[in-house]
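What follows is the content of protein_24.cif (mmCIF, C-alpha atoms).
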```cif
data_input
loop_
_atom_site.label_atom_id
_atom_site.label_comp_id
_atom_site.auth_asym_id
_atom_site.auth_seq_id
_atom_site.Cartn_x
_atom_site.Cartn_y
_atom_site.Cartn_z
CA MET A 1 -47.31 21.01 32.27
CA SER A 2 -44.94 22.05 35.05
CA SER A 3 -41.83 23.87 33.97
CA ILE A 4 -38.33 23.70 35.42
CA THR A 5 -37.73 26.77 37.55
CA HIS A 6 -34.12 26.34 38.68
CA PRO A 7 -31.28 25.89 36.14
CA PRO A 8 -28.79 23.13 36.90
CA GLU A 9 -25.39 23.90 38.34
CA VAL A 10 -22.52 24.27 35.89
CA GLY A 11 -21.26 20.83 34.86
CA GLU A 12 -24.43 19.07 36.05
CA PRO A 13 -25.98 16.97 33.26
CA ILE A 14 -29.43 18.10 32.18
CA GLY A 15 -32.10 15.50 32.82
CA PRO A 16 -34.48 14.00 30.24
CA LEU A 17 -37.20 16.12 28.69
CA PRO A 18 -40.68 15.83 30.17
CA LYS A 19 -42.81 13.36 28.21
CA GLU A 20 -45.51 16.01 27.87
CA PHE A 21 -43.15 18.05 25.72
CA ALA A 22 -43.59 15.51 22.90
CA ALA A 23 -47.30 16.30 22.76
CA LEU A 24 -46.49 19.98 22.26
CA ILE A 25 -43.87 19.53 19.57
CA ARG A 26 -45.46 16.70 17.52
CA PRO A 27 -48.09 18.92 15.82
CA GLU A 28 -45.24 21.13 14.62
CA LEU A 29 -43.55 18.33 12.65
CA PRO A 30 -45.27 18.77 9.22
CA GLY A 31 -44.50 22.50 9.11
CA LEU A 32 -41.01 21.92 10.52
CA LEU A 33 -40.34 19.32 7.83
CA LYS A 34 -41.26 21.78 5.05
CA GLU A 35 -39.13 24.51 6.61
CA ILE A 36 -36.09 22.24 6.96
CA ARG A 37 -36.43 21.03 3.35
CA ALA A 38 -36.62 24.61 2.06
CA GLU A 39 -33.65 25.94 4.02
CA VAL A 40 -31.45 22.86 3.56
CA THR A 41 -31.96 22.84 -0.22
CA ARG A 42 -31.24 26.57 -0.33
CA ALA A 43 -28.01 26.12 1.66
CA TYR A 44 -27.08 22.84 -0.09
CA PRO A 45 -28.44 22.91 -3.67
CA VAL A 46 -27.25 19.35 -4.28
CA TYR A 47 -30.00 18.11 -1.96
CA GLY A 48 -32.60 19.91 -4.08
CA ARG A 49 -31.52 17.73 -6.99
CA LEU A 50 -31.66 14.57 -4.83
CA LEU A 51 -35.13 15.43 -3.53
CA ASN A 52 -36.35 15.45 -7.15
CA GLY A 53 -34.38 12.37 -8.17
CA PRO A 54 -34.92 8.61 -7.97
CA ASN A 55 -34.06 8.52 -4.25
CA SER A 56 -36.43 11.36 -3.29
CA GLY A 57 -38.94 9.11 -1.54
CA ALA A 58 -36.32 7.49 0.67
CA ILE A 59 -34.78 10.87 1.50
CA ARG A 60 -38.12 12.42 2.51
CA GLN A 61 -38.98 9.35 4.56
CA GLY A 62 -35.57 9.49 6.22
CA VAL A 63 -36.00 13.11 7.25
CA GLU A 64 -39.50 12.39 8.56
CA GLN A 65 -38.21 9.40 10.52
CA ALA A 66 -35.33 11.43 11.98
CA LEU A 67 -37.76 14.07 13.28
CA SER A 68 -40.49 11.73 14.50
CA ALA A 69 -38.02 9.36 16.15
CA PHE A 70 -36.72 12.25 18.25
CA VAL A 71 -40.25 13.14 19.40
CA ASP A 72 -41.04 9.44 19.99
CA ARG A 73 -37.95 9.17 22.19
CA VAL A 74 -39.15 12.10 24.31
CA ALA A 75 -42.57 10.49 24.68
CA GLU A 76 -41.23 6.97 25.17
CA PRO A 77 -37.50 6.84 26.11
CA GLY A 78 -35.77 3.74 24.80
CA LYS A 79 -38.12 3.22 21.86
CA SER A 80 -36.49 1.38 18.93
CA ALA A 81 -35.37 3.39 15.92
CA VAL A 82 -34.59 0.53 13.53
CA LEU A 83 -36.36 2.08 10.53
CA ARG A 84 -34.72 5.45 11.16
CA ASP A 85 -31.29 3.84 11.29
CA GLN A 86 -31.87 1.93 8.04
CA LEU A 87 -32.81 5.17 6.26
CA LEU A 88 -29.91 7.11 7.77
CA ARG A 89 -27.43 4.47 6.62
CA LYS A 90 -28.93 4.88 3.18
CA PHE A 91 -28.23 8.63 3.49
CA GLY A 92 -24.59 7.82 4.16
CA ARG A 93 -24.43 5.39 1.26
CA VAL A 94 -25.88 8.00 -1.12
CA GLU A 95 -23.21 10.50 -0.03
CA ALA A 96 -20.50 7.94 -0.74
CA TYR A 97 -21.97 6.95 -4.11
CA GLU A 98 -22.21 10.63 -5.08
CA GLY A 99 -18.55 11.15 -4.15
CA ARG A 100 -19.16 13.80 -1.48
CA GLU A 101 -17.41 14.21 1.83
CA LEU A 102 -19.59 13.41 4.82
CA ASP A 103 -19.23 17.04 5.98
CA THR A 104 -22.03 18.07 3.60
CA LEU A 105 -24.58 15.73 5.17
CA GLN A 106 -23.42 16.63 8.67
CA GLY A 107 -23.86 20.31 7.84
CA ALA A 108 -27.41 19.62 6.67
CA PHE A 109 -28.18 17.76 9.91
CA ARG A 110 -26.92 20.67 12.01
CA LEU A 111 -28.83 23.22 9.95
CA GLY A 112 -31.97 21.17 10.47
CA ALA A 113 -31.27 21.10 14.22
CA ARG A 114 -30.97 24.91 14.34
CA ILE A 115 -34.30 25.25 12.50
CA ALA A 116 -35.91 22.80 14.94
CA LEU A 117 -34.49 24.73 17.89
CA ARG A 118 -35.91 27.94 16.46
CA ARG A 119 -39.34 26.28 16.21
CA ALA A 120 -39.03 24.95 19.78
CA LYS A 121 -38.31 28.45 21.10
CA ALA A 122 -41.49 29.67 19.40
CA VAL A 123 -43.43 26.82 21.01
CA GLY A 124 -41.83 27.69 24.34
CA GLN A 125 -43.01 31.28 24.10
CA GLN A 126 -46.48 30.14 23.08
CA TYR A 127 -46.81 27.84 26.11
CA GLN A 128 -44.64 29.96 28.44
CA LEU A 129 -42.10 27.16 28.94
CA SER A 130 -39.08 27.89 31.11
CA PRO A 131 -35.75 28.82 29.43
CA THR A 132 -34.16 25.85 31.19
CA LEU A 133 -36.56 23.48 29.46
CA ILE A 134 -35.65 24.97 26.08
CA LEU A 135 -31.99 24.62 27.06
CA ALA A 136 -32.60 20.97 27.87
CA PHE A 137 -34.31 20.58 24.49
CA ALA A 138 -31.31 22.11 22.72
CA ASP A 139 -28.91 19.85 24.59
CA ALA A 140 -30.93 16.76 23.73
CA LEU A 141 -31.39 17.88 20.14
CA PHE A 142 -27.71 18.34 19.37
CA ALA A 143 -26.82 15.09 21.12
CA TYR A 144 -29.43 13.49 18.86
CA VAL A 145 -27.79 15.08 15.79
CA GLU A 146 -24.48 13.48 16.77
CA GLU A 147 -26.32 10.16 16.88
CA LEU A 148 -27.74 10.77 13.38
CA GLU A 149 -24.27 11.58 12.09
CA ALA A 150 -22.82 8.40 13.62
CA VAL A 151 -25.48 6.15 12.06
CA SER A 152 -25.21 7.76 8.61
CA ARG A 153 -21.43 7.44 8.85
CA GLU A 154 -21.89 3.66 9.12
CA GLY A 155 -23.48 3.56 5.66
CA TYR A 156 -20.86 5.91 4.25
CA VAL A 157 -17.94 3.85 5.57
CA GLU A 158 -19.62 0.65 4.39
CA VAL A 159 -19.61 1.86 0.77
CA LEU A 160 -16.06 3.18 0.95
CA SER A 161 -14.76 -0.02 2.53
CA ARG A 162 -16.50 -2.16 -0.08
CA ALA A 163 -15.26 0.08 -2.89
CA ASN A 164 -11.71 0.06 -1.56
CA SER A 165 -11.85 -3.69 -1.16
CA GLU A 166 -13.17 -4.17 -4.70
CA VAL A 167 -10.61 -1.80 -6.20
CA SER A 168 -7.86 -3.48 -4.19
CA ALA A 169 -8.96 -6.89 -5.47
CA GLN A 170 -9.10 -5.57 -9.04
CA ARG A 171 -5.61 -4.14 -8.71
CA ARG A 172 -4.22 -7.39 -7.33
CA ARG A 173 -5.76 -9.17 -10.33
CA LEU A 174 -4.14 -6.55 -12.56
CA LEU A 175 -0.78 -7.23 -11.00
CA HIS A 176 -1.24 -10.96 -11.42
CA LEU A 177 -2.08 -10.56 -15.11
CA VAL A 178 0.87 -8.25 -15.74
CA LEU A 179 3.23 -10.83 -14.21
CA ALA A 180 1.69 -13.72 -16.14
CA ALA A 181 3.45 -15.05 -19.18
CA PRO A 182 3.23 -12.71 -22.20
CA PRO A 183 1.42 -11.67 -24.27
CA LEU A 184 -0.61 -9.36 -22.05
CA PRO A 185 -4.27 -10.50 -21.87
CA HIS A 186 -6.78 -8.63 -24.00
CA GLU A 187 -8.96 -7.75 -20.98
CA LEU A 188 -6.13 -5.76 -19.36
CA PRO A 189 -7.26 -2.31 -20.61
CA ARG A 190 -10.82 -2.92 -19.41
CA LEU A 191 -9.57 -4.07 -16.03
CA CYS A 192 -7.35 -0.99 -15.79
CA GLU A 193 -10.39 1.21 -16.34
CA THR A 194 -12.35 -0.65 -13.65
CA ALA A 195 -9.47 -0.37 -11.19
CA ALA A 196 -8.83 3.31 -12.06
CA TRP A 197 -5.24 2.53 -13.01
CA GLU A 198 -3.41 3.90 -16.04
CA LEU A 199 -1.48 1.27 -17.96
CA PRO A 200 2.21 2.35 -18.03
CA ALA A 201 4.71 1.72 -20.79
CA GLU A 202 7.45 0.78 -18.27
CA VAL A 203 7.44 -0.62 -14.75
CA THR A 204 9.86 -1.21 -11.89
CA MET A 205 9.22 -4.27 -9.74
CA VAL A 206 10.17 -4.51 -6.06
CA ALA A 207 10.58 -7.75 -4.09
CA LEU A 208 9.91 -7.45 -0.35
CA ARG A 209 11.16 -9.37 2.63
CA THR A 210 8.58 -10.92 4.94
CA PRO A 211 6.96 -10.14 7.23
CA VAL A 212 5.57 -6.97 5.66
CA PRO A 213 4.49 -4.33 8.22
CA GLU A 214 0.81 -3.37 8.21
CA HIS A 215 1.55 0.30 7.56
CA LEU A 216 3.54 -0.31 4.37
CA GLU A 217 0.68 -0.10 1.85
CA ALA A 218 -0.60 3.14 3.39
CA GLY A 219 2.72 4.81 2.60
CA LEU A 220 2.70 3.92 -1.10
CA ALA A 221 1.66 6.25 -3.90
CA GLY A 222 -1.86 5.66 -5.22
CA ASP A 223 -0.69 4.17 -8.54
CA VAL A 224 1.63 1.56 -6.99
CA LEU A 225 0.22 -1.97 -7.25
CA ALA A 226 0.90 -4.26 -4.31
CA ASP A 227 0.36 -7.90 -3.39
CA LEU A 228 1.43 -8.27 0.22
CA ASP A 229 -0.49 -11.39 1.31
CA VAL A 230 1.55 -13.90 -0.68
CA PRO A 231 4.68 -15.86 0.34
CA HIS A 232 6.82 -13.54 -1.82
CA PRO A 233 5.23 -10.06 -1.52
CA HIS A 234 5.97 -7.55 -4.25
CA LEU A 235 5.19 -4.11 -5.63
CA LEU A 236 4.80 -2.69 -9.11
CA ILE A 237 5.89 0.93 -9.52
CA PRO A 238 4.75 2.52 -12.81
CA GLY A 239 7.71 3.99 -14.69
CA ALA A 240 11.27 4.40 -13.47
CA LEU A 241 12.42 4.71 -9.87
CA THR A 242 12.81 8.50 -9.87
CA PRO A 243 14.26 10.27 -6.82
CA GLU A 244 10.72 11.10 -5.74
CA ARG A 245 9.61 7.48 -6.12
CA LEU A 246 12.71 6.32 -4.23
CA THR A 247 11.93 8.66 -1.33
CA MET A 248 8.35 7.37 -1.25
CA LEU A 249 9.51 3.75 -1.29
CA GLN A 250 12.12 4.20 1.44
CA ALA A 251 9.60 5.95 3.70
CA ALA A 252 6.98 3.25 3.12
CA LEU A 253 9.43 0.39 3.73
CA SER A 254 10.55 1.86 7.06
CA GLY A 255 12.76 -1.03 8.16
CA THR A 256 11.56 -3.68 5.70
CA HIS A 257 14.33 -4.89 3.41
CA ALA A 258 13.63 -5.06 -0.31
CA ALA A 259 15.24 -5.46 -3.72
CA VAL A 260 14.43 -3.23 -6.69
CA GLY A 261 14.34 -4.86 -10.10
CA LEU A 262 15.25 -3.18 -13.37
CA THR A 263 12.91 -0.72 -15.08
CA VAL A 264 11.57 -2.69 -18.03
CA PRO A 265 8.74 -2.59 -20.59
CA LEU A 266 5.43 -3.73 -19.12
CA THR A 267 5.68 -7.07 -20.93
CA GLN A 268 8.94 -7.85 -19.07
CA ALA A 269 7.64 -7.17 -15.55
CA ALA A 270 8.00 -10.86 -14.68
CA ASP A 271 11.72 -10.68 -15.49
CA SER A 272 12.16 -7.61 -13.29
CA ILE A 273 10.59 -9.27 -10.24
CA ARG A 274 12.51 -12.50 -10.91
CA TRP A 275 15.81 -10.61 -10.84
CA ALA A 276 14.79 -8.72 -7.70
CA ARG A 277 13.94 -11.95 -5.90
CA ARG A 278 17.21 -13.49 -7.05
CA VAL A 279 19.10 -10.58 -5.50
CA LEU A 280 17.40 -11.25 -2.16
CA GLN A 281 18.52 -14.88 -2.45
CA LEU A 282 22.08 -13.76 -3.20
CA VAL A 283 21.99 -11.58 -0.10
CA ASP A 284 20.99 -14.64 1.93
CA GLU A 285 23.82 -16.62 0.31
CA GLY A 286 26.34 -13.91 1.12
CA ALA A 287 27.15 -13.14 -2.52
CA VAL A 288 25.64 -9.64 -2.29
CA ALA A 289 26.08 -7.30 0.67
CA ASP A 290 22.88 -6.73 2.63
CA ALA A 291 21.21 -3.31 2.71
CA PRO A 292 17.67 -1.99 3.38
CA LEU A 293 17.18 -1.45 -0.35
CA VAL A 294 19.31 -3.42 -2.83
CA ARG A 295 19.13 -2.46 -6.50
CA CYS A 296 19.50 -5.08 -9.22
CA GLU A 297 21.25 -2.64 -11.53
CA ASP A 298 24.23 -2.65 -9.13
CA HIS A 299 24.62 -6.45 -9.34
CA LEU A 300 23.84 -7.46 -12.91
CA VAL A 301 27.04 -9.44 -13.46
CA THR A 302 26.59 -11.21 -10.15
CA ILE A 303 23.00 -12.15 -11.03
CA TRP A 304 24.14 -13.44 -14.40
CA LEU A 305 27.14 -15.40 -13.17
CA LEU A 306 25.21 -17.00 -10.31
CA SER A 307 21.99 -17.61 -12.22
CA ASP A 308 22.70 -21.35 -12.37
CA ALA A 309 25.04 -22.45 -9.57
CA PRO A 310 25.28 -26.14 -10.58
CA LEU A 311 26.15 -25.11 -14.14
CA VAL A 312 28.88 -22.80 -12.83
CA SER A 313 30.32 -25.71 -10.85
CA GLN A 314 30.30 -27.89 -13.95
CA LEU A 315 31.96 -25.16 -16.02
CA ALA A 316 34.65 -24.59 -13.40
CA ALA A 317 35.29 -28.31 -13.06
CA ARG A 318 35.69 -28.67 -16.82
CA GLU A 319 37.99 -25.69 -17.29
CA LEU A 320 40.14 -26.44 -14.23
CA ALA A 321 40.29 -30.21 -14.78
CA PRO A 322 44.06 -30.17 -15.54
CA LEU A 323 44.66 -29.08 -11.90
CA ASP A 324 42.68 -31.94 -10.35
CA GLY A 325 45.69 -34.08 -9.44
CA MET A 326 47.24 -31.41 -7.20
CA PRO A 327 46.94 -31.22 -3.41
CA ALA A 328 43.91 -29.12 -2.45
CA SER A 329 45.86 -26.30 -0.80
CA ARG A 330 48.22 -25.88 -3.76
CA ARG A 331 45.33 -26.04 -6.22
CA ASP A 332 43.43 -23.37 -4.29
CA ARG A 333 46.42 -21.01 -4.36
CA LEU A 334 46.87 -21.46 -8.09
CA VAL A 335 43.14 -20.95 -8.76
CA GLU A 336 43.06 -17.71 -6.73
CA THR A 337 46.17 -16.42 -8.51
CA LEU A 338 44.65 -17.30 -11.88
CA ARG A 339 41.42 -15.48 -10.97
CA VAL A 340 43.20 -12.24 -10.10
CA HIS A 341 45.50 -12.55 -13.10
CA VAL A 342 42.79 -13.08 -15.73
CA SER A 343 40.39 -10.51 -14.23
CA THR A 344 42.95 -7.69 -13.81
CA ARG A 345 45.41 -8.39 -16.64
CA ALA A 346 47.87 -6.79 -14.21
CA PRO A 347 51.64 -7.45 -13.97
CA ALA A 348 53.01 -9.87 -11.38
CA GLU A 349 53.86 -7.07 -8.93
CA GLN A 350 50.28 -5.79 -8.78
CA VAL A 351 48.80 -9.29 -8.64
CA GLY A 352 51.17 -9.99 -5.73
CA GLU A 353 49.94 -6.89 -3.90
CA LEU A 354 46.33 -7.97 -4.35
CA LEU A 355 47.10 -11.47 -3.10
CA GLY A 356 49.51 -10.41 -0.39
CA VAL A 357 52.45 -12.41 -1.82
CA HIS A 358 55.78 -11.61 -3.45
CA ALA A 359 55.83 -10.96 -7.22
CA GLN A 360 58.27 -13.83 -7.66
CA THR A 361 55.71 -16.17 -6.09
CA VAL A 362 53.14 -14.95 -8.58
CA ARG A 363 55.50 -15.61 -11.51
CA TYR A 364 56.20 -19.11 -10.18
CA ARG A 365 52.48 -19.86 -9.93
CA LEU A 366 51.79 -18.45 -13.40
CA ARG A 367 54.47 -20.74 -14.86
CA ASN A 368 52.79 -23.70 -13.15
CA LEU A 369 49.42 -22.61 -14.51
CA ASP A 370 50.84 -22.20 -18.00
CA ALA A 371 52.28 -25.69 -17.80
CA HIS A 372 48.89 -27.18 -16.92
CA LEU A 373 46.50 -24.82 -18.70
CA GLY A 374 48.62 -23.33 -21.43
CA ASP A 375 46.39 -24.32 -24.33
CA ARG A 376 43.26 -23.20 -22.50
CA LEU A 377 44.75 -19.81 -21.53
CA ALA A 378 45.73 -19.18 -25.13
CA ASP A 379 42.29 -19.99 -26.52
CA PRO A 380 39.87 -16.98 -26.31
CA ASP A 381 36.77 -19.12 -25.67
CA HIS A 382 38.41 -21.16 -22.91
CA ARG A 383 39.94 -18.03 -21.39
CA PHE A 384 36.50 -16.34 -21.24
CA ALA A 385 34.90 -19.46 -19.76
CA LEU A 386 37.70 -19.65 -17.18
CA GLU A 387 37.27 -16.02 -16.17
CA ALA A 388 33.48 -16.34 -15.88
CA ALA A 389 33.75 -19.52 -13.80
CA LEU A 390 36.42 -18.07 -11.54
CA ARG A 391 34.47 -14.85 -10.97
CA ALA A 392 31.35 -16.88 -10.14
CA LEU A 393 33.24 -19.10 -7.70
CA HIS A 394 34.67 -16.01 -6.02
CA LEU A 395 31.24 -14.39 -5.77
CA ARG A 396 29.87 -17.52 -4.13
CA ARG A 397 32.42 -17.05 -1.37
CA GLY A 398 30.64 -13.76 -0.55
CA PRO A 399 31.77 -10.12 -0.51
CA ALA A 400 33.07 -10.40 3.02
CA ALA A 401 35.08 -13.56 2.52
CA PRO A 402 38.68 -13.26 3.80
CA ARG A 403 41.39 -12.94 1.15
CA ARG A 404 43.49 -16.06 0.83
CA ARG A 405 47.17 -15.55 1.70
CA ALA A 406 50.24 -17.56 0.88
#
```

How does this structure look as structure tokens?
Amino acid sequence: MSSITHPPEVGEPIGPLPKEFAALIRPELPGLLKEIRAEVTRAYPVYGRLLNGPNSGAIRQGVEQALSAFVDRVAEPGKSAVLRDQLLRKFGRVEAYEGRELDTLQGAFRLGARIALRRAKAVGQQYQLSPTLILAFADALFAYVEELEAVSREGYVEVLSRANSEVSAQRRRLLHLVLAAPPLPHELPRLCETAAWELPAEVTMVALRTPVPEHLEAGLAGDVLADLDVPHPHLLIPGALTPERLTMLQAALSGTHAAVGLTVPLTQAADSIRWARRVLQLVDEGAVADAPLVRCEDHLVTIWLLSDAPLVSQLAARELAPLDGMPASRRDRLVETLRVHVSTRAPAEQVGELLGVHAQTVRYRLRNLDAHLGDRLADPDHRFALEAALRALHLRRGPAAPRRRA
């Protein structure tokens, strides 16, 4: 066999190995295989256990295929390596199933390549091959190792993707069951174990605006449950919204608006998300000021008073019925004065300042109101109903509504 006598220039790619080289290296494969097995299991004891386990046959066959496929490629460039690739993907799947990082397998591949290079140098000395040929062998060998790593990574990623998908599906089912009508289903603890999720005593629900950015889920803590592919996407945060949780949530939202429900026992999670979604509706209606993150606990009275808008209208109509015969503008002025008066219990001077009118005007209006609503204002139940209705009507005007002036 002719040897290469002149090394390539720096930066010049080394050409393919001579086909005759395969005939020299092939007889070395059985001994090389034993040497690689011995040194790899010494450097990585975990592979010693695998070589004596239920997958030992596939592992040995995979190593043999990896070595012989390299020699076959030298002898016959372009030859298919379908069987080798199937076995290498199995290597990757075993690593994933065993819970190891892929670095361990990659380290074993590279150790095997160094052992093979050492054997090739011995063959080169035996047959007086040129150093450049051995350099070409080394270049081809380590490029081949990168190919082995890439194929085994396919199997590894396949398992992780399937596992992540299955866990994600299990967790979405968990979230669905938690939000279903109580009592909690009996299979919940088993499903928690399958999904690797610890069942909390309390939860905080979060309602999200759509569209939800793709990066959002990646920024959430590992124990946060999410369902983002539904018309009303939402999150479940175990426990209370601590400062650390709040920082996590704000960073993950990154521009997406959301409403945080109350922290409640697990059995009341459906109430928490219902209140959070209602707050988003109230933002749309102008009853609650918009913000990137609105918290239900800051708007409990508003949620309560506006929980049934038609009922509020009926209540207001009933309690203010004695004013129905008045002109609309006069009735509106009296109703606004009554709202401030019953909600503040303040004297006429302060009510006048709030309304932007003279105190005497306030007294005049209060006398008119007393004439029409006197019995109702004196009765505690009617007075409470009046105040609730008036507060609700005012909230429906929105926080930014202009103050009415005389």

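Residues matched by the PyMOL selection byres ((chain A and resi 73) around 12) in this file are Pro16, Leu17, Pro18, Lys19, Glu20, Phe21, Ala22, Ala23, Arg26, Gln65, Ala66, Leu67, Ser68, Ala69, Phe70, Val71, Asp72, Val74, Ala75, Glu76, Pro77, Gly78, Lys79, Ser80, Ala81, Ala140, Leu141 and Tyr144 of chain A.
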
For segment 373-380 of chain A: contacts at 12 Å, only C-alpha atoms, fewer than 3 positions along chain excluded, given as a list of chain:residue names: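 These residues fall inside the cut-off: A:Arg318, A:Glu319, A:Leu320, A:Ala321, A:Pro322, A:Leu323, A:Asp324, A:Leu334, A:Val335, A:Leu338, A:Arg339, A:His341, A:Val342, A:Arg365, A:Leu366, A:Arg367, A:Asn368, A:Leu369, A:Asp370, A:Arg383, A:Phe384, A:Ala385, A:Leu386, A:Glu387.
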
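Note on the selection: in this file the PyMOL selection byres ((chain A and resi 349) around 12) comes out as Val340, His341, Thr344, Arg345, Ala346, Pro347, Ala348, Gln350, Val351, Gly352, Glu353, Leu354, Leu355, Gly356, Val357, His358, Ala359, Gln360, Thr361, Val362 and Arg363 of chain A.
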
What separates atom CA of Val260 of chain A and atom CA of Val178 of chain A is a distance of 17.1 Å

note - atom CA of Glu336 of chain A and atom CA of Ala291 of chain A are separated by 27.8 Å

Go through A:Pro131, A:Gly62, A:Gly255, A:Pro265 one by one, measure the shortest atom-to-atom distance of each to Leu83 of chain A using all atoms listed in the file, and give the residue with the smallest value.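 Nearest to Leu83 of chain A: A:Gly62.
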
Might you pull out every residue within 9 Å of Glu28 of chain A, with all atoms listed in the file counted and same-chain residues fewer than 3 positions away left off, and present them as a list in words?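 Using all atoms listed in the file, the neighbours found are Leu24, Ile25, Gly31, Leu32, Leu33, Arg119, Ala120 and Val123 of chain A.
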
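By chain and then residue number, the residues within 8 Å of Val264 of chain A are Glu202, Val203, Thr204, Ala269 and Ser272 of chain A, counting only C-alpha atoms and disregarding those fewer than 5 positions away in sequence.
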
For Ser307 of chain A, which residue among A:Ala259, A:Asp290, A:Leu395, A:His215 is the nearest when counting all atoms listed in the file?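 Checking each of A:Ala259, A:Asp290, A:Leu395, A:His215 against Ser307 of chain A, counting all atoms listed in the file, the winner is A:Leu395.
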
Which distance in Å separates atom CA of Val312 of chain A and atom CA of Ser343 of chain A, to one decimal?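 Distance between the two atoms: 16.9 Å.
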
Neighbouring residues of Pro211 of chain A were defined as those with any atom within 10 Å, considering all atoms listed in the file; residues of the same chain fewer than 6 positions away were excluded. Please report them as a PDB file with C-alpha atoms, keeping the file's coordinate frame.
```
ATOM      1  CA  LEU A 228       1.430  -8.270   0.220  1.00  0.00           C
ATOM      2  CA  ASP A 229      -0.490 -11.390   1.310  1.00  0.00           C
ATOM      3  CA  PRO A 231       4.680 -15.860   0.340  1.00  0.00           C
ATOM      4  CA  HIS A 232       6.820 -13.540  -1.820  1.00  0.00           C
ATOM      5  CA  PRO A 233       5.230 -10.060  -1.520  1.00  0.00           C
ATOM      6  CA  THR A 256      11.560  -3.680   5.700  1.00  0.00           C
ATOM      7  CA  HIS A 257      14.330  -4.890   3.410  1.00  0.00           C
TER       8      HIS A 257
END
```

Evaluate the PyMOL selection byres ((chain A and resi 165-173) around 8) against this structure - the residues, as a list in words, please. Ser161, Arg162, Ala163, Asn164, Leu174, Leu175, His176, Leu177, Leu191, Cys192, Thr194, Ala195, Ala196, Trp197, Leu225, Ala226 and Asp227 of chain A

Which segment 123-184 of chain A residues have any atom within 12 Å of an atom of segment 84-97 of chain A, and for each, what is the nearest pair of atoms with distance in Å to one decimal, counting only C-alpha atoms, rows sorted by chain and number, as CSV?
```
residue,atom,partner,partner_atom,distance
A:Val145,CA,A:Leu88,CA,11.5
A:Glu147,CA,A:Asp85,CA,9.8
A:Leu148,CA,A:Leu88,CA,7.0
A:Glu149,CA,A:Leu88,CA,8.4
A:Ala150,CA,A:Arg89,CA,9.3
A:Val151,CA,A:Arg89,CA,6.0
A:Ser152,CA,A:Arg89,CA,4.4
A:Arg153,CA,A:Gly92,CA,5.7
A:Glu154,CA,A:Arg89,CA,6.1
A:Gly155,CA,A:Arg89,CA,4.2
A:Tyr156,CA,A:Gly92,CA,4.2
A:Val157,CA,A:Gly92,CA,7.9
A:Glu158,CA,A:Arg93,CA,7.4
A:Val159,CA,A:Arg93,CA,6.0
A:Leu160,CA,A:Ala96,CA,6.7
A:Ser161,CA,A:Ala96,CA,10.3
A:Arg162,CA,A:Ala96,CA,10.9
A:Ala163,CA,A:Tyr97,CA,9.7
A:Asn164,CA,A:Ala96,CA,11.8
```

Rank nothing, just name the residue among A:Leu253, A:Thr263, A:Asp332, A:Leu393 nearest to Asp308 of chain A, using only C-alpha atoms.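 Of A:Leu253, A:Thr263, A:Asp332, A:Leu393, the one nearest Asp308 of chain A is A:Leu393, counting only C-alpha atoms.
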
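Near Leu293 of chain A, within a cut-off of 12 Å and counting all atoms listed in the file, sit the residues Val206, Ala207, Leu208, Arg209, Leu246, Thr247, Leu249, Gln250, Ala251, Ala252, Leu253, Ser254, Gly255, Thr256, His257, Ala258, Ala259, Val260, Gly261, Ala276, Val279, Leu280, Val283, Val288, Ala289, Glu297 and Asp298 of chain A, with same-chain residues fewer than 4 positions away left out.
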
Which of A:Ala270, A:Ala122, A:Leu306, A:Val230 sits closest to Leu184 of chain A [using all atoms listed in the file]: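 Answer, going by the shortest atom-to-atom distance: A:Ala270.
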
Distance criterion (all atoms listed in the file): nearest to Pro238 of chain A out of A:Met205, A:Ala392, A:Ala116, A:Ala287: A:Met205

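Proximity ranking of A:Asp223, A:Asp139, A:Asp284, A:Glu98 relative to Leu117 of chain A places A:Asp139 first, based on all atoms listed in the file.
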